[in-house]
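J.: Contents of structure_23.cif (mmCIF, C-alpha atoms):
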```cif
data_target
#
loop_
_atom_site.label_atom_id
_atom_site.label_comp_id
_atom_site.auth_asym_id
_atom_site.auth_seq_id
_atom_site.Cartn_x
_atom_site.Cartn_y
_atom_site.Cartn_z
CA MET M 110 -0.06 -14.95 -18.57
CA SER M 111 -1.69 -17.64 -20.66
CA GLY M 112 -1.47 -19.46 -23.96
CA PRO M 113 1.55 -18.72 -26.12
CA GLU M 114 3.07 -16.31 -23.59
CA ALA M 115 3.08 -18.92 -20.81
CA ALA M 116 4.43 -21.58 -23.16
CA GLY M 117 7.21 -19.22 -24.26
CA THR M 118 8.15 -18.42 -20.66
CA ARG M 119 8.19 -22.10 -19.71
CA ARG M 120 10.24 -22.95 -22.80
CA ARG M 121 12.79 -20.24 -21.86
CA GLN M 122 13.03 -21.62 -18.32
CA ILE M 123 13.66 -25.12 -19.66
CA VAL M 124 16.28 -23.87 -22.12
CA VAL M 125 18.08 -21.94 -19.35
CA ALA M 126 18.01 -25.01 -17.10
CA VAL M 127 19.36 -27.28 -19.85
CA ILE M 128 22.15 -24.81 -20.66
CA ALA M 129 23.09 -24.52 -16.97
CA ILE M 130 23.18 -28.29 -16.55
CA ALA M 131 25.21 -28.76 -19.72
CA ALA M 132 27.68 -26.03 -18.73
CA THR M 133 28.11 -27.59 -15.29
CA ALA M 134 28.68 -31.04 -16.81
CA VAL M 135 31.28 -29.67 -19.22
CA LEU M 136 33.05 -27.85 -16.39
CA VAL M 137 33.10 -30.90 -14.12
CA ILE M 138 34.32 -33.20 -16.90
CA GLY M 139 36.94 -30.67 -17.96
CA LEU M 140 38.24 -30.22 -14.42
CA ALA M 141 38.32 -33.94 -13.76
CA THR M 142 40.11 -34.63 -17.03
CA SER M 143 42.67 -31.85 -16.59
CA ARG M 144 43.49 -32.97 -13.06
CA SER M 145 43.95 -36.60 -13.97
CA VAL M 146 46.08 -35.81 -17.04
CA ALA M 147 48.23 -33.15 -15.36
CA ALA M 148 48.70 -34.93 -12.08
CA GLY M 149 49.17 -38.49 -13.28
CA PRO M 150 47.50 -41.56 -11.83
CA ASP M 151 49.49 -41.79 -8.58
CA THR M 152 49.40 -38.15 -7.52
CA ALA M 153 47.21 -37.23 -4.52
CA PRO M 154 44.71 -34.42 -4.96
CA SER M 155 45.99 -31.01 -3.94
CA ALA M 156 45.02 -29.52 -0.60
CA GLN M 157 43.08 -26.87 -2.45
CA ALA M 158 41.01 -29.49 -4.29
CA THR M 159 40.17 -31.42 -1.12
CA GLY M 160 39.70 -28.33 1.06
CA TYR M 161 36.64 -26.98 -0.74
CA LEU M 162 33.62 -26.64 1.49
CA PRO M 163 30.40 -25.29 0.00
CA SER M 164 28.94 -22.47 2.07
CA ILE M 165 25.68 -22.86 3.95
CA SER M 166 24.06 -20.72 1.28
CA ASP M 167 25.47 -22.94 -1.50
CA LEU M 168 24.07 -26.04 0.17
CA MET M 169 20.71 -24.40 0.84
CA ILE M 170 20.27 -23.24 -2.74
CA ALA M 171 21.66 -26.37 -4.40
CA THR M 172 20.31 -29.17 -2.21
CA ILE M 173 17.67 -28.04 0.26
CA GLN M 174 15.54 -25.44 -1.50
CA PRO M 175 14.94 -27.55 -4.64
CA ARG M 176 13.88 -30.56 -2.56
CA HIS M 177 11.55 -28.42 -0.46
CA GLU M 178 9.87 -27.27 -3.65
CA ARG M 179 9.78 -30.73 -5.28
CA ILE M 180 7.98 -32.17 -2.26
CA TRP M 181 5.24 -29.58 -2.77
CA ARG M 182 5.07 -30.15 -6.53
CA ALA M 183 4.86 -33.93 -6.04
CA GLU M 184 1.91 -33.53 -3.67
CA GLN M 185 0.21 -31.11 -6.05
CA ASP M 186 0.52 -33.74 -8.78
CA GLY M 187 -0.67 -36.53 -6.46
CA ASN M 188 2.71 -38.25 -6.74
CA TRP M 189 2.98 -39.42 -3.13
CA ASN M 190 5.87 -41.81 -3.85
CA PHE M 191 8.01 -39.00 -5.21
CA ALA M 192 6.99 -36.77 -2.29
CA ALA M 193 8.21 -39.48 0.11
CA TYR M 194 11.44 -39.86 -1.87
CA GLU M 195 12.15 -36.12 -1.82
CA LEU M 196 11.29 -35.87 1.89
CA GLY M 197 13.98 -38.49 2.58
CA ASN M 198 16.40 -36.54 0.37
CA LEU M 199 15.56 -33.30 2.17
CA GLN M 200 16.18 -34.85 5.56
CA GLY M 201 19.51 -36.24 4.33
CA ALA M 202 20.51 -32.87 2.86
CA PHE M 203 19.85 -31.17 6.21
CA LYS M 204 21.95 -33.81 8.01
CA ARG M 205 24.83 -33.29 5.57
CA LEU M 206 24.54 -29.52 6.04
CA GLY M 207 24.88 -29.99 9.80
CA ILE M 208 27.93 -32.20 9.32
CA ALA M 209 29.58 -29.80 6.87
CA HIS M 210 28.84 -26.78 9.05
CA PRO M 211 28.53 -27.88 12.69
CA THR M 212 28.21 -24.31 13.94
CA GLN M 213 27.09 -20.94 12.69
CA GLY M 214 28.49 -18.35 15.04
CA ASP M 215 27.88 -19.89 18.46
CA ILE M 216 24.82 -21.90 17.33
CA SER M 217 24.97 -25.67 16.79
CA LEU M 218 23.51 -26.09 13.32
CA PRO M 219 22.65 -29.82 13.71
CA ASP M 220 20.80 -29.07 16.97
CA MET M 221 18.97 -26.10 15.46
CA ILE M 222 18.00 -28.08 12.35
CA ALA M 223 16.73 -30.99 14.45
CA SER M 224 14.76 -28.75 16.78
CA VAL M 225 12.97 -26.79 14.04
CA THR M 226 12.44 -29.55 11.46
CA GLY M 227 11.77 -32.61 13.61
CA GLN M 228 8.04 -32.17 14.09
CA PRO M 229 7.26 -30.83 10.60
CA PHE M 230 9.24 -33.71 9.04
CA GLN M 231 7.27 -36.24 11.10
CA GLU M 232 3.97 -34.56 10.18
CA LEU M 233 4.94 -34.47 6.49
CA ASN M 234 5.96 -38.11 6.60
CA ASN M 235 2.61 -39.08 8.16
CA ALA M 236 0.63 -36.98 5.67
CA ILE M 237 2.52 -38.44 2.72
CA LYS M 238 2.13 -42.03 3.95
CA SER M 239 -1.61 -41.53 4.44
CA LYS M 240 -1.93 -39.47 1.23
CA ASP M 241 -3.73 -36.80 3.23
CA ALA M 242 -3.63 -33.54 1.27
CA THR M 243 -5.09 -31.48 4.13
CA ALA M 244 -2.51 -32.73 6.64
CA PHE M 245 0.20 -32.27 4.01
CA THR M 246 -0.76 -28.62 3.50
CA LYS M 247 -0.48 -27.92 7.23
CA ALA M 248 2.77 -29.85 7.65
CA TYR M 249 4.33 -28.20 4.60
CA ALA M 250 3.36 -24.76 5.93
CA ASP M 251 4.86 -25.70 9.31
CA LEU M 252 8.12 -26.80 7.65
CA THR M 253 8.22 -23.58 5.63
CA ASP M 254 7.67 -21.55 8.82
CA ALA M 255 10.45 -23.55 10.50
CA CYS M 256 12.81 -22.70 7.62
CA ASN M 257 11.99 -19.02 7.92
CA SER M 258 12.38 -19.03 11.72
CA CYS M 259 15.86 -20.50 11.28
CA HIS M 260 16.72 -17.82 8.72
CA GLN M 261 15.58 -15.19 11.23
CA ALA M 262 17.60 -16.72 14.08
CA LEU M 263 20.73 -16.73 11.92
CA ASN M 264 20.20 -13.09 10.85
CA HIS M 265 19.24 -14.05 7.30
CA GLY M 266 15.65 -12.80 7.47
CA ALA M 267 15.91 -11.46 3.94
CA VAL M 268 15.76 -15.10 2.83
CA GLU M 269 12.08 -15.94 3.02
CA ILE M 270 10.68 -19.19 1.70
CA GLY M 271 7.03 -19.37 0.69
CA LEU M 272 4.54 -21.64 -0.95
CA PRO M 273 5.60 -22.30 -4.54
CA SER M 274 3.24 -21.35 -7.33
CA ARG M 275 2.53 -23.56 -10.30
CA THR M 276 4.28 -21.06 -12.57
CA SER M 277 7.34 -20.33 -10.45
CA ALA M 278 10.67 -21.98 -10.96
CA SER M 279 11.47 -21.48 -7.29
CA ASP M 280 9.89 -21.16 -3.87
CA LEU M 281 12.20 -18.30 -2.93
CA LYS M 282 10.13 -15.19 -2.36
CA THR M 283 11.97 -12.24 -3.82
CA ASN M 284 9.00 -9.89 -4.02
CA SER M 285 8.51 -9.28 -0.30
CA THR M 286 9.93 -6.59 1.95
CA SER M 287 12.98 -7.65 3.92
CA ARG M 288 12.30 -8.61 7.51
CA ASN M 289 15.76 -7.53 8.72
#
```
Go ahead and express the file in the form of structure tokens.

T.:
Amino acid sequence: MSGPEAAGTRRRQIVVAVIAIAATAVLVIGLATSRSVAAGPDTAPSAQATGYLPSISDLMIATIQPRHERIWRAEQDGNWNFAAYELGNLQGAFKRLGIAHPTQGDISLPDMIASVTGQPFQELNNAIKSKDATAFTKAYADLTDACNSCHQALNHGAVEIGLPSRTSASDLKTNSTSRN
């Protein structure tokens, strides 16, 4: 796809993203406003409102996957500062995931995350600091492999992360055969 077709596809992706963000903002503002008006200023939040816990999948899709992809895009654009920023955000997102979900079945999620991401994170950090594209490519591939090994261990092998393409809006590979 090139020329007008590519521009049209990109424009549609941007429009969809803007609509999704706007809809989310309206929903959040509406919920916050309705709660504060209905409950009054001194009323504690309901148990239902404070008991919400995003699923592992929610956290992966909303916080981890986008940062994984943005690190790659930043390196592709030579924006090493943003790559470092997103690497820090990705590490924080994984820590919060482990706090929110300390176990999956009988597996300690914080321990699993630390064991599979520790070395790739350190290698990515070193590559980013030294602005070494070759080392970055290897470390990014190692992190991606670590993500996929975790998916396999948790019986979610259908979720396979790959190298983003310049035209994709996501690094989620949906065109491969399931490994389950």

J.: Which value, in Å to one decimal, gives the distance between CA of Glu232 in chain M and CA of Leu206 in chain M?

T.: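 Atom-to-atom, CA of Glu232 in chain M to CA of Leu206 in chain M, that is 21.6 Å.
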
J.: When you count all atoms listed in the file, which of these residues is closest to Lys240 in chain M: M:Ile270, M:Ala193, M:Ala255, M:Val225?

T.: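 For Lys240 in chain M, the nearest of the candidates is M:Ala193.
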
J.: Which residue, M:Asp251, M:Asn264, M:Ala242, M:Thr118, has the smallest gap to Asn188 in chain M when you use only C-alpha atoms?

T.: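 Nearest to Asn188 in chain M: M:Ala242.
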
J.: Hey, can you check how far CA of Gly187 in chain M sits from CA of Arg121 in chain M?

T.: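 Rounded to one decimal, the two atoms are 26.1 Å apart.
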
J.: Give me the result of the PyMOL selection byres ((chain M and resi 220) around 12) on this file, residue by residue, as a ChimeraX atom specification.

T.: /M:203-204,206-208,210-213,215-219,221-227,259
